[in-house]
Structure formats: C-alpha cells, structure tokens
Amino acid sequence: MSLQTIVKRNAYYDSATLLLLSRELQKIAGVEDVLVGMGTDLNLNLARDLNLATSDFDTLTVNDLFIAARFDETKTSMEAIEQAFNDYLNKGADTSENEDYMPPSLRAAVQNMPGANMVLVSLPGQFAAAEVEEALDAGLHVMLFSDNVSVEEELRLKQKAVEKGLLMMGPDCGTAIINGVPLCFANAVRRGKIGVVGASGTGTQEVTVQVHRLGGGLSQVIGTGGRDLKEQIGGLMMIQSFEALIADPETEVIVLISKPPFPSVAEKIYTIAKNSPKPVVIDFIGGDRAAIEASGAVACISLEDAAQKAVSVLNGQPVKDFTGFSVPEAEVDQMVENVVAKLMSDQTELRALFTGGTLADEAMKLLGDHYQIYSNIPLTPEMAIQNLPGGRGHICLDLGEDEFTRGRPHPMIDPQTRTEFFESHVDGHTAVILVDVVLGFGSYVDPAGAVADSVREIRTRLAKENKDVIVIASVCGTDLDRQDLNKSISTLEAEGIIVMPSNAQAVRLTDKVMQRMMKGV
Amino acid sequence: MSVNDLFKKELKVVNMGLKSFYNDVKSQDVSAIQVNWKPKAGGKKKMMDLLGKLNKSN
C-alpha cells in the first residue's frame with residue numbers, strides 16, 4: 001500500500017464537487033481510500049481520521065486543494081488517480097454553462113448584471129458571513145444556504161437586513177421560491193395565492209408540494225433558517241416575511257411552518273396573526289394548538305394538513321383536521337392485513353431512514369408515545385440513538401444531520417449514505433422500513449431508483465432467511481419536478497414499496513401496521 | 001429595495017458557491033451569474049477583516 005498526497009495551490013472548487021469527485025476516485029481499482037478537499041480544518045481532520053494525512057498537510061491553506069490517497073501500487077498509481085481527477089473536472093468543461101463569464105467577486109458580478117437582486121450563498125460557513133454582509137450593504141436580498149454561521153453573526157446580519165428591508169434567509173436555509181423561481185432545494189410548483197414562510201426545509205417543501213397536488217399554487221415561499229424562531233434571533237426573518245406577505249397583493253392565504261418557537265417569539269407571531277387581514281394557517285409541528293387558535297389562526301396536525309387547510313381557506317371551504325387517508329380506510333386496513341401476514345413473529349422493529357429532517361421529526365411526533373423510537377434527533381434526550389439497547393428497537397434517523405454528512409454530500413444530493421444504512425440497519429428483525437423520497441431542484445437525479453435498488457438488495461438478503469419486509473414511502477415531489485413524481489412512484493411500486501401520498505399518511509400507515517403487529521402476526 | 005418591491009421585479013440571481021444552484025436557476029431561464037469565488041487573503045481571518053474594512057471605506 002502506498003500513501004501519497006498531491007497538492008494543487010490556489011485551486012478552489014466547491015465542497016459538493018469535491019465530495020462527489022472523491023466518490024468517483026474511490027471506484028478506481030486498487031484505491032483503498034481517497035479524499036479530495038480544500039485545506040480547511042474540517043477536511044484536514046477528516047483526512048487524519050481516515051489515516052490519509054502526510055507531511056504535505058503541514059503546508060496546506062484553505063486555498064489549496066489536496067488529493068490524498070492510499071492505494072495498491074501494483075494496481076494503480078498516483079498519476080492515474082490524478083488523471084482521473086483531471087478527467088472528471090474536464091468533463092464539465094465542455095458544456096456551454098462553463099463558457100459563461102464568472103466574475104471574481106460579488107461586486108464584479110453586480111456590475112456585470114445590472115438589477116441583480118438576490119444573492120445565493122453556499123460558501124464554507126467561515127467565509128459566508130462576510131459575503132452576506134457585503135450583499136446586504138449593496139442592498140441585495142440574500143439566501144444563505146451555508147451552515148456553520150454563528151448565532152451572533154446570524155443575529156447581526158438579520159438585524160441589518162431588517163433595517164434595510166431585505167430578506168436574509170438562513171443560515172442553513174435550504175428552500176425558497178421567490179417570484180416563482182425555486183432556489184436551492186425546492187420543488188417545481190404552480191404559482192398561486194398561497195404564501196409560505198418556513199423555518200424547516202423539507203417541511204416547507206412538503207407543504208408546497210401538497211398545495212400543488214391539491215390544485216393550489218404558491219405566491220412566495222420564504223425560508224428563514226432553522227434558528228430564526230429561537231430566543232436569540234427572535235423570529236426576525238419570519239416576522240419580516242410574514243408582514244411582507246400580508247402586504248403582498250398576490251398572496252391571499254399565509255402559511256407559517258416551524259418547529260415550536262421560543263414562547264416569547266411565538267407571542268410576537270400570534271400578535272401579527274391576530275391583526276392580519278388575511279387568513280393565517282400555522283403548523284408549529286407539535287406546537288401549542290390552543291395558543292395558535294387563540295390568535296385566530298388555523299392550527300394544523302401535519303404538513304399535509306397545513307396544505308389542505310390553506311387550500312380550503314383559499315377556496316372558502318370549511319376547514320377540518322385531515323387525520324385519515326386519501327383512500328377509504330377499509331382499503332388501508334385490508335392492505336395492512338395483507339402485508340403483516342408476510343412477517344415472521346421475530347420481525348418487530350421500525351427502521352425509518354429519512355433524508356429530510358423535518359419529515360423525520362414529523363414522523364416521530366405523529367407516531368407519538370405509543371412507541372419507544374430511538375433517533376439522532378430524539379423527541380426526548382433519553383431516546384437518543386446512543387441509548388439504543390444492544391442495537392435492538394425502533395429507529396428513526398435524519399440522515400442529513402452533520403454526524404452522517406461529514407466528508408460526504410447530503411443524502412438528498414447523493415443517496416450513498418442511506419444506501420449504506422439500508423445495508424447496516426435493516427436485518428431479519430426489521431418489520432417496517434419507512435422512507436422519504438425528496439424530488440426537486442438540488443436533489444439527486446433519481447432518488448426513487450436508489451431506494452428501489454436498496455430494497456431489492458434487502459429483499460434478496462432477507463429471502464435467505466425466508467423473510468420479507470414491509471417498505472412504506474412517500475414522495476415529496478410534483479409532476480413538474482425533473483425527476484417526475486409519477487415515474488418515481490412507478491419505480492418504487494415496481495419494487496413492492498407501498499407509496500403513500502404524503503409523509504403524514506405514510507406515517508399513519510406505519511402506525512397501523514405496527515399496531516396490527518402488536519396484536520400478533 | 002424592500003421585500004415587497006422584490007416581489008414585483010424579475011428575479012436576478014448572483015450565485016456564490018455550489019455551481020449546481022446556478023445551473024438550476026439558469027435552466028429556468030432566470031438571469032443568473034456565478035461568482036468565481038476564492039477565499040480572500042488565503043482565508044486568513046485577520047487579513048480578511050482588514051480587506052473588509054478597506055472595501056467599506058472605498
């Protein structure tokens with residue numbers, strides 16, 4: 001085995017490109033481990049953890065790119081790895097988009113595109129705040145996708161944005177649709193009269209997708225970043241956006257999506273809701289229903305319910321909680337009987353493997369306290385995944401959290417992380433697998449195909465024990481998404497996966513299956 | 001430009017970072033420009049702060 005590093009000084013590439021490139025180089029025969037990255041502390045530590053660091057690392061700066069590889073010299077060489085690296089990067093160079101002029105700075109970009117009004121920032125966190133500040137100073141709205149921006153910086157930047165009447169969506173803001181243009185991770189939906197402000201990425205995506213499927217449309221979808229409604233930030237961006245939607249003539253119904261806010265922040269929101277001339281629908285996922293209703297807003301029991309109520313309100317129809325299924329419940333019960341009959345008595349466990357954090361959170365909240373569900377985003381500290389007794393029990397994971405994305409892309413971009421969890425976390429004790437399949441801009445080209453491949457592999461594996469497993473999915477996507485909703489559903493169903501029309505219904509079906517299992521199979 | 005003014009304008013996007021976000025916006029026939037971003041001052045915090053101050057005074 002040989003361990004070697006190539007350093008390319010002053011060669012910057014974004015982290016997503018380099019992570020995908022690392023995966024490509026890993027496929028070269030003879031390569032045991034390889035990491036391509038910029039010389040950031042995070043990457044250097046990762047390389048050290050993988051035992052890929054060499055003395056060359058001492059001289060690296062954040063401007064330098066490194067390729068560190070451990071490989072079998074009889075099968076490949078560092079030159080071959082570097083050639084594959086160059087080939088991969090050059091592959092994209094022939095496409096027309098690369099002919100576009102790329103100015104070296106924000107200032108130069110604005111000079112080149114008069115009337116620029118929105119800046120998307122997905123730079124490494126430590127550099128992001130300075131660029132955002134420059135954008136705000138130039139009077140530009142900002143969507144800040146990057147995380148690793150401190151709460152102090154977030155507060156300062158949002159205060160500046162509010163002072164100037166600008167949007168500062170983020171940090172860690174994954175989704176927005178401004179003037180009908182989906183930004184970062186967002187679905188292709190029709191335009192309409194429902195405006196959304198969301199502090200939860202996939203939660204917001206699910207609401208917009210469901211509104212579209214109900215025949216409704218979206219005026220504006222504004223993200224705030226997950227910390228906006230915490231005490232330190234005080235809901236600065238949600239309040240600013242909420243007021244903008246109240247003033248927007250194109251918006252007739254306003255939907256607010258968040259995890260439960262800090263109480264004093266919730267109070268501020270309720271006060272605005274109380275005085276809003278437009279109907280307001282609020283899903284503070286698992287939040288205080290009575291307080292929401294006291295403000296005159298419509299409270300919701302799920303993301304799907306929020307979409308249904310928003311469309312009902314818009315159409316002047318009465319609102320009621322949507323607690324059931326899109327198909328008659330008797331059909332669902334029959335389906336439950338049929339699938340549970342396939343299980344053996346020692347198949348008892350749930351494996352909920354989500355790529356969307358809010359969808360995972362909603363799943364655990366809807367399943368409630370009937371079950372002991374261990375998670376990396378547990379509802380109570382004692383249900384932390386580390387406390388899972390002997391690896392046995394129900395599990396619900398948000399695979400997009402930092403602990404799973406270190407050194408690799410988010411599982412919505414690259415399905416590899418979830419593929420590995422299907423291999424490592426599903427066995428002969430698993431009864432039900434619950435997954436989300438998130439389509440849209442930013443997402444992987446065929447997430448349904450990746451899930452279907454994994455399920456096929458699992459079924460082959462379990463067949464050796466004469467076992468099968470129940471797989472339940474929901475697809476967060478529309479017919480307008482480039483991955484195509486219907487094609488994705490067909491791909492999943494062809495593999496025997498039960499596809500439900502929403503995350504909430506997928507969770508409810510999972511609940512029914514588990515309740516039925518507890519009665520005995 | 002206030003948020004409500006933005007709602008009335010054609011969206012024009014400057015992208016700093018992941019190229020795929022730029023490609024996605026461009027694919028929708030929306031005006032967009034990609035910044036060929038590199039860490040300023042070799043990513044050294046002290047120098048970046050100084051440069052930031054110089055920029056503001058310009």
# chains A, B, ... in the order shown; residues from 1 in each chain; ligands from 1
>>> interface_residues(of="chain B", to="chain A", cutoff="6 Å", atoms="only C-alpha atoms", output="MDAnalysis selection string")
chainID B and resid 2:4 7 12:18 21 34:37 42:43
>>> write_last_selection(atoms="N, CA, C and O atoms", output="compact mmCIF listing (two decimals), in the first residue's frame")
# COMPACT_ATOMS: atom_id res chain seq x y z
N SER B 2 -37.18 47.04 -0.95
CA SER B 2 -37.85 46.31 0.12
C SER B 2 -38.29 44.94 -0.39
O SER B 2 -38.27 44.67 -1.60
N VAL B 3 -38.71 44.09 0.54
CA VAL B 3 -39.14 42.75 0.17
C VAL B 3 -40.31 42.83 -0.82
O VAL B 3 -40.35 42.11 -1.81
N ASN B 4 -41.25 43.75 -0.56
CA ASN B 4 -42.41 43.84 -1.46
C ASN B 4 -42.04 44.39 -2.83
O ASN B 4 -42.66 44.02 -3.83
N PHE B 7 -40.78 41.44 -4.85
CA PHE B 7 -41.86 40.59 -5.37
C PHE B 7 -42.35 41.08 -6.75
O PHE B 7 -42.92 40.31 -7.51
N LYS B 12 -33.15 38.32 -10.32
CA LYS B 12 -31.82 38.23 -10.95
C LYS B 12 -30.85 37.74 -9.89
O LYS B 12 -30.66 38.42 -8.87
N VAL B 13 -30.25 36.60 -10.14
CA VAL B 13 -29.55 35.86 -9.08
C VAL B 13 -28.04 35.90 -9.26
O VAL B 13 -27.52 35.62 -10.34
N VAL B 14 -27.35 36.24 -8.17
CA VAL B 14 -25.89 36.07 -8.12
C VAL B 14 -25.64 34.85 -7.26
O VAL B 14 -26.14 34.76 -6.14
N ASN B 15 -24.90 33.87 -7.79
CA ASN B 15 -24.63 32.66 -7.01
C ASN B 15 -23.18 32.61 -6.57
O ASN B 15 -22.27 32.75 -7.37
N MET B 16 -23.00 32.40 -5.27
CA MET B 16 -21.65 32.27 -4.72
C MET B 16 -21.58 30.93 -4.02
O MET B 16 -22.17 30.74 -2.97
N GLY B 17 -20.87 29.98 -4.65
CA GLY B 17 -20.76 28.66 -4.03
C GLY B 17 -21.18 27.57 -5.00
O GLY B 17 -20.77 27.60 -6.16
N LEU B 18 -21.99 26.65 -4.54
CA LEU B 18 -22.30 25.44 -5.30
C LEU B 18 -22.83 25.78 -6.70
O LEU B 18 -23.87 26.41 -6.85
N PHE B 21 -26.50 25.11 -7.99
CA PHE B 21 -27.59 26.06 -7.73
C PHE B 21 -27.70 27.07 -8.88
O PHE B 21 -28.79 27.48 -9.28
N GLN B 34 -22.59 33.43 -11.98
CA GLN B 34 -21.83 32.66 -10.99
C GLN B 34 -20.55 33.41 -10.65
O GLN B 34 -19.81 33.80 -11.54
N VAL B 35 -20.30 33.59 -9.38
CA VAL B 35 -19.05 34.22 -8.94
C VAL B 35 -17.97 33.15 -8.86
O VAL B 35 -18.20 32.08 -8.29
N ASN B 36 -16.84 33.44 -9.46
CA ASN B 36 -15.70 32.52 -9.39
C ASN B 36 -14.98 32.80 -8.07
O ASN B 36 -13.92 33.41 -8.03
N TRP B 37 -15.60 32.34 -7.01
CA TRP B 37 -15.18 32.74 -5.66
C TRP B 37 -13.94 31.98 -5.20
O TRP B 37 -13.80 30.79 -5.44
N GLY B 42 -6.10 34.36 1.21
CA GLY B 42 -5.72 32.99 1.55
C GLY B 42 -6.51 32.44 2.72
O GLY B 42 -6.10 31.50 3.37
N GLY B 43 -7.66 33.04 2.99
CA GLY B 43 -8.52 32.55 4.06
C GLY B 43 -8.06 32.94 5.45
O GLY B 43 -8.56 32.44 6.45
>>> select_by_dssp(residues="stretch 291-380 of chain A", states="alpha helix (DSSP H)", output="ChimeraX atom specification")
/A:291-294,303-314,329-340,357-367
>>> residues_around(residues="A:Gly30", least_positions_apart="5", cutoff="9 Å", atoms="only C-alpha atoms", output="MDAnalysis selection string")
chainID A and resid 70:77
>>> write_last_selection(atoms="all heavy atoms", output="PDB file, in the first residue's frame")
ATOM      1  N   ARG A  70      -4.684   6.348  -0.505  1.00  0.00           N
ATOM      2  CA  ARG A  70      -3.956   5.133  -0.140  1.00  0.00           C
ATOM      3  C   ARG A  70      -4.359   4.082  -1.172  1.00  0.00           C
ATOM      4  O   ARG A  70      -5.556   3.872  -1.402  1.00  0.00           O
ATOM      5  CB  ARG A  70      -4.326   4.686   1.277  1.00  0.00           C
ATOM      6  CG  ARG A  70      -3.463   3.533   1.798  1.00  0.00           C
ATOM      7  CD  ARG A  70      -3.649   3.241   3.281  1.00  0.00           C
ATOM      8  NE  ARG A  70      -5.027   3.294   3.665  1.00  0.00           N
ATOM      9  CZ  ARG A  70      -5.576   4.268   4.405  1.00  0.00           C
ATOM     10  NH1 ARG A  70      -4.838   5.251   4.861  1.00  0.00           N
ATOM     11  NH2 ARG A  70      -6.858   4.258   4.694  1.00  0.00           N
ATOM     12  N   PHE A  71      -3.353   3.484  -1.818  1.00  0.00           N
ATOM     13  CA  PHE A  71      -3.674   2.596  -2.936  1.00  0.00           C
ATOM     14  C   PHE A  71      -2.647   1.483  -3.073  1.00  0.00           C
ATOM     15  O   PHE A  71      -1.541   1.566  -2.533  1.00  0.00           O
ATOM     16  CB  PHE A  71      -3.769   3.404  -4.244  1.00  0.00           C
ATOM     17  CG  PHE A  71      -2.525   4.202  -4.545  1.00  0.00           C
ATOM     18  CD1 PHE A  71      -1.523   3.668  -5.336  1.00  0.00           C
ATOM     19  CD2 PHE A  71      -2.366   5.481  -4.028  1.00  0.00           C
ATOM     20  CE1 PHE A  71      -0.371   4.403  -5.597  1.00  0.00           C
ATOM     21  CE2 PHE A  71      -1.205   6.208  -4.293  1.00  0.00           C
ATOM     22  CZ  PHE A  71      -0.219   5.669  -5.076  1.00  0.00           C
ATOM     23  N   ASP A  72      -3.052   0.475  -3.797  1.00  0.00           N
ATOM     24  CA  ASP A  72      -2.201  -0.679  -4.070  1.00  0.00           C
ATOM     25  C   ASP A  72      -1.353  -0.355  -5.307  1.00  0.00           C
ATOM     26  O   ASP A  72      -1.895  -0.227  -6.408  1.00  0.00           O
ATOM     27  CB  ASP A  72      -3.096  -1.905  -4.318  1.00  0.00           C
ATOM     28  CG  ASP A  72      -2.282  -3.158  -4.560  1.00  0.00           C
ATOM     29  OD1 ASP A  72      -1.081  -3.039  -4.850  1.00  0.00           O
ATOM     30  OD2 ASP A  72      -2.868  -4.249  -4.467  1.00  0.00           O
ATOM     31  N   GLU A  73      -0.039  -0.209  -5.098  1.00  0.00           N
ATOM     32  CA  GLU A  73       0.839   0.228  -6.208  1.00  0.00           C
ATOM     33  C   GLU A  73       0.866  -0.757  -7.366  1.00  0.00           C
ATOM     34  O   GLU A  73       1.227  -0.392  -8.481  1.00  0.00           O
ATOM     35  CB  GLU A  73       2.275   0.402  -5.705  1.00  0.00           C
ATOM     36  CG  GLU A  73       2.443   1.611  -4.824  1.00  0.00           C
ATOM     37  CD  GLU A  73       3.736   1.535  -4.036  1.00  0.00           C
ATOM     38  OE1 GLU A  73       3.873   0.598  -3.240  1.00  0.00           O
ATOM     39  OE2 GLU A  73       4.587   2.416  -4.232  1.00  0.00           O
ATOM     40  N   THR A  74       0.512  -2.003  -7.088  1.00  0.00           N
ATOM     41  CA  THR A  74       0.540  -2.990  -8.187  1.00  0.00           C
ATOM     42  C   THR A  74      -0.667  -2.814  -9.100  1.00  0.00           C
ATOM     43  O   THR A  74      -0.701  -3.358 -10.202  1.00  0.00           O
ATOM     44  CB  THR A  74       0.538  -4.436  -7.646  1.00  0.00           C
ATOM     45  OG1 THR A  74      -0.680  -4.639  -6.910  1.00  0.00           O
ATOM     46  CG2 THR A  74       1.729  -4.688  -6.740  1.00  0.00           C
ATOM     47  N   LYS A  75      -1.670  -2.084  -8.630  1.00  0.00           N
ATOM     48  CA  LYS A  75      -2.894  -1.952  -9.439  1.00  0.00           C
ATOM     49  C   LYS A  75      -3.109  -0.550 -10.014  1.00  0.00           C
ATOM     50  O   LYS A  75      -3.755  -0.388 -11.042  1.00  0.00           O
ATOM     51  CB  LYS A  75      -4.111  -2.334  -8.598  1.00  0.00           C
ATOM     52  CG  LYS A  75      -4.144  -3.802  -8.240  1.00  0.00           C
ATOM     53  CD  LYS A  75      -5.400  -4.170  -7.493  1.00  0.00           C
ATOM     54  CE  LYS A  75      -5.423  -5.656  -7.173  1.00  0.00           C
ATOM     55  NZ  LYS A  75      -6.273  -5.969  -6.044  1.00  0.00           N
ATOM     56  N   THR A  76      -2.606   0.461  -9.330  1.00  0.00           N
ATOM     57  CA  THR A  76      -2.789   1.820  -9.841  1.00  0.00           C
ATOM     58  C   THR A  76      -1.634   2.703  -9.363  1.00  0.00           C
ATOM     59  O   THR A  76      -0.713   2.229  -8.692  1.00  0.00           O
ATOM     60  CB  THR A  76      -4.155   2.389  -9.406  1.00  0.00           C
ATOM     61  OG1 THR A  76      -4.379   3.626 -10.086  1.00  0.00           O
ATOM     62  CG2 THR A  76      -4.237   2.648  -7.903  1.00  0.00           C
ATOM     63  N   SER A  77      -1.721   3.987  -9.727  1.00  0.00           N
ATOM     64  CA  SER A  77      -0.631   4.898  -9.354  1.00  0.00           C
ATOM     65  C   SER A  77      -1.231   6.266  -9.039  1.00  0.00           C
ATOM     66  O   SER A  77      -2.382   6.554  -9.409  1.00  0.00           O
ATOM     67  CB  SER A  77       0.357   5.039 -10.521  1.00  0.00           C
ATOM     68  OG  SER A  77      -0.325   5.653 -11.608  1.00  0.00           O
TER      69      SER A  77
END
>>> atom_distance(atom1="atom CA of A:Gly428", atom2="atom CA of A:Leu379")
26.6 Å
>>> select_by_dssp(residues="stretch 143-376 of chain A", states="strand (DSSP E)", output="PyMOL selection string")
chain A and resi 143-144+168-169+175-178+181-184+191-198+218-223+253-258+280-284+298-299+349-354+373-375
>>> residues_around(residues="A:Val475", least_positions_apart="3", cutoff="7 Å", atoms="only C-alpha atoms", output="PDB file with N, CA and C atoms, in the first residue's frame")
ATOM      1  N   ASP A 436     -38.536   8.637   3.091  1.00  0.00           N
ATOM      2  CA  ASP A 436     -38.971   9.769   2.276  1.00  0.00           C
ATOM      3  C   ASP A 436     -38.181   9.742   0.964  1.00  0.00           C
ATOM      4  N   VAL A 437     -38.787  10.221  -0.082  1.00  0.00           N
ATOM      5  CA  VAL A 437     -38.091  10.351  -1.362  1.00  0.00           C
ATOM      6  C   VAL A 437     -38.327  11.799  -1.801  1.00  0.00           C
ATOM      7  N   VAL A 438     -37.290  12.613  -1.699  1.00  0.00           N
ATOM      8  CA  VAL A 438     -37.466  14.042  -1.952  1.00  0.00           C
ATOM      9  C   VAL A 438     -36.975  14.382  -3.365  1.00  0.00           C
ATOM     10  N   SER A 502     -48.461  11.260   1.113  1.00  0.00           N
ATOM     11  CA  SER A 502     -47.805  12.297   1.924  1.00  0.00           C
ATOM     12  C   SER A 502     -46.997  11.623   3.015  1.00  0.00           C
TER      13      SER A 502
END
>>> atom_distance(atom1="atom CA of B:Asp5", atom2="atom CA of A:Val253")
19.4 Å
>>> closest_residue(among="A:Ile413, A:Leu359, A:Val151, A:Val435", to="A:Gly203", atoms="only C-alpha atoms")
A:Leu359
>>> atom_distance(atom1="atom CA of A:Gly215", atom2="atom CA of A:Leu485")
15.0 Å
>>> residues_around(residues="A:Ile470", least_positions_apart="6", cutoff="7 Å", atoms="only C-alpha atoms", output="short mmCIF file (atom, residue, chain, number, x, y, z; two decimals) with C-alpha atoms, in the first residue's frame")
data_model
loop_
_atom_site.label_atom_id
_atom_site.label_comp_id
_atom_site.auth_asym_id
_atom_site.auth_seq_id
_atom_site.Cartn_x
_atom_site.Cartn_y
_atom_site.Cartn_z
CA VAL A 339 -48.67 -7.09 4.41
CA ALA A 431 -40.68 -5.35 10.15
CA VAL A 432 -41.22 -1.94 8.56
CA ILE A 433 -38.94 0.41 6.64
#
